[in-house]
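Asker: Following this message is one structure expressed as structure tokens.
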Amino acid sequence: MNEDSTGVGPSVPGSQWYDADAGPLVRPYAMTGGRTKPGPSNVRFDLIALVVVDDDPPGPAEESLLGPEHRSLLALCRAVTQSVAELSADADLPVGVVRVLLGDLLESGFVRVSRPVPPAQLPDERILREVIDGLRAL
Amino acid sequence: MAYERSESSGADDSADSTALALKILVAGGFGVGKTTLVGAVSEIRPLRTEEQLSRAGEFVDDTGGVDQKTTTTVAMDFGRITIRSGLSLYLFGTPGQDRFWFLWDELSQGALGAVVLADTRRLEDCFPAVDYFEHRKIPFVVAVNCFTGARAYGAAEVSRALDLDRGTPVVLCDARDRDSGKEVLIRLVEYAGRMHTARLLDTVG
Ligand SMILES: Nc1nc2c(ncn2[C@@H]2O[C@H](COP(=O)(O)OP(=O)(O)O)[C@@H](O)[C@H]2O)c(=O)[nH]1
Ligand SMILES: [Mg+2]
């Protein structure tokens with residue numbers, strides 16, 4: 001693997017760790033106030049957990065206190081229920097940042113989050129059949 | 001498990017009753033065609049995720065607060081296939097090197113199954129992925145991406161070369177072709193269903 005192609009300077013410890021699949025070293029947490037984990041609620045949002053707006057959200061006064069990234073996420077959630085992964089791709093923010101921001105929105109009651117499918121509980125045969133037929137029809 | 005926490009902290013399952021999201025992983029060595037496959041069958045979007053280096057065990061920085069920690073960004077391929085309103089397949093194409101296991105550990109939680117893409121010219125590149133899914137008993141199919149110029153191997157040969165468990169499907173495919181990619185996913189979903197049924201019978205009997 002060519003180290004130069006990563007754009008990481010030789011002075012960065014561990015830079016040999018990367019290849020073309022890894023991006024440059026970044027510190028993407030400025031907008032989260034340096035936090036790398038969601039707030040006290042400690043929710044670890046699954047990538048395919050679905051985020052919906054709360055039907056009883058805080059008022060406009062509280063909303064006006066939100067930062068621009070919080071608002072753009074909220075706007076995306078309002079447009080359509082979508083997964084954490086989609087929110088991250090649409091907002092063009094790294095997943096970790098989106099998780100922290102969603103944690104804030106969850107705690108202040110702007111959004112709700114679905115529970116991910118429990119690992120041991122695969123969907124039943126009917127659903128799988130539907131998926132197969134759906135794929136064939138694509 | 002991490003999920004249990006979210007239940008007691010305000011997350012609820014009200015969205016589950018209307019929407020079901022299924023997750024499929026696409027793994028394999030660099031340049032094997034993961035991005036191509038996800039793009040052929042779904043509306044693909046790049047997704048960035050990031051990890052602190054200390055988690056990858058390479059570089060531990062405990063000199064300061066969280067803002068001092070260096071993170072790395074890893075790009076994933078992310079695609080969605082809408083089966084119908086309320087039922088979607090999510091595809092995640094992840095780098096197949098062992099140093100990205102931290103990503104896989106999260107992605108494979110609750111995954112329906114995985115596609116391991118293989119290139120017969122560099123079959124060993126997919127060994128780590130095969131091992132990973134075998135050990136965790138995650139249903140997977142091996143999809144041999146038939147690059148032009150590569151000598152054609154049969155599915156049985158590939159299966160033997162990879163020492164796959166009996167029953168693990170091997171599918172020959174062209175990652176650029178939508179129908180071929182769809183067939184790979186169909187084989188995986190069928191197989192995941194069979195595996196699941198077999199396990200249920202095991203626990204009952
Ligand atoms: N000839 C041929 N080229 C392919 C095929 N699949 C992928 N490629 C090419 O191989 C290269 C690597 O594919 P990519 O999807 O980026 O691999 P990834 O690193 O696994 O995501 C790209 O230039 C693709 O266009 C295939 O089935 N046949
Ligand atoms: Mg790729």
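Just remember, in the structure tokens the first chain shown is A, the second B, etc., residues are 1-based per chain, and ligands are 1-based in the order shown.
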Which residues of chain B come within 9 Å of ligand 2, and what is each one's closest atom pair and distance in Å (one decimal), counting only C-alpha atoms and all ligand atoms, sorted by chain and residue number, as a tab-separated table?
Answerer:
```
residue	atom	partner	partner_atom_place_in_ligand_line	distance
B:Phe30	CA	ligand 2	1 (Mg)	7.1
B:Gly31	CA	ligand 2	1 (Mg)	6.6
B:Val32	CA	ligand 2	1 (Mg)	8.1
B:Gly33	CA	ligand 2	1 (Mg)	6.8
B:Lys34	CA	ligand 2	1 (Mg)	5.5
B:Thr35	CA	ligand 2	1 (Mg)	4.2
B:Thr36	CA	ligand 2	1 (Mg)	7.3
B:Ala75	CA	ligand 2	1 (Mg)	8.3
B:Met76	CA	ligand 2	1 (Mg)	7.5
B:Asp77	CA	ligand 2	1 (Mg)	6.8
B:Gly93	CA	ligand 2	1 (Mg)	7.3
B:Thr94	CA	ligand 2	1 (Mg)	7.8
B:Pro95	CA	ligand 2	1 (Mg)	7.4
```
Asker: Counting only C-alpha atoms and all ligand atoms, name the residues that have an atom within 12 Å of an atom of ligand 1; the answer should be given as an MDAnalysis selection string.
Answerer: (chainID A and resid 19:22) or (chainID B and resid 26:40 44 46 75:78 92:97 115:120 125:126 143:150 172:178 180:181)
Asker: Please report, as a PyMOL selection string, each residue of range 3-202 of chain B to which DSSP assigns alpha helix (DSSP H) when run on this structure's backbone.
Answerer: chain B and resi 3-7+34-41+101-107+127-135+155-161+178-202
Asker: Could you name the residues that touch Asp54 in chain A at 7 Å or less, counting only C-alpha atoms, but leaving out those on the same chain fewer than 2 positions away, as a list in words?
Answerer: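 Skipping anything fewer than 2 positions along the chain leaves Val52, Asp56, Pro57, Gly109, Phe110, Val111 and Arg112 of chain A.
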Asker: For the selection just defined, write its residues with C-alpha atoms to a file, as a PDB file, in the first residue's frame.
Answerer:
```pdb
ATOM      1  CA  VAL A  52     -38.994   9.686  13.617  1.00  0.00           C
ATOM      2  CA  ASP A  56     -45.225  16.102  20.912  1.00  0.00           C
ATOM      3  CA  PRO A  57     -42.024  18.078  20.323  1.00  0.00           C
ATOM      4  CA  GLY A 109     -37.721  15.259  22.947  1.00  0.00           C
ATOM      5  CA  PHE A 110     -37.530  16.257  19.300  1.00  0.00           C
ATOM      6  CA  VAL A 111     -37.186  12.751  17.914  1.00  0.00           C
ATOM      7  CA  ARG A 112     -37.808   9.130  18.782  1.00  0.00           C
TER       8      ARG A 112
END
```
Asker: Under the rule that only C-alpha atoms are counted, which of A:Ala61, A:Ile127, A:Leu101, A:Val95 is the nearest residue to chain B?
Answerer: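 Going through A:Ala61, A:Ile127, A:Leu101, A:Val95 one by one, the smallest distance to chain B is for A:Val95.
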Asker: For Asp131 in chain B, work out the shell of residues within 10 Å, counting only C-alpha atoms and skipping chain neighbours fewer than 5 positions away, then give it as a list in words.
Answerer: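 Contacts, with the query itself left out: Cys126, Arg136, Lys137, Leu162 and Leu164 of chain B.
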Asker: Applying 9 Å and only C-alpha atoms, which residues near range 153-161 of chain B remain after dropping the ones on its own chain fewer than 5 positions away? List them as a list in words.
Answerer: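 The residues satisfying every condition are Thr120, Leu123, Val142, Val144, Arg166, Thr168, Pro169, Val170, Val171 and Leu172 of chain B.
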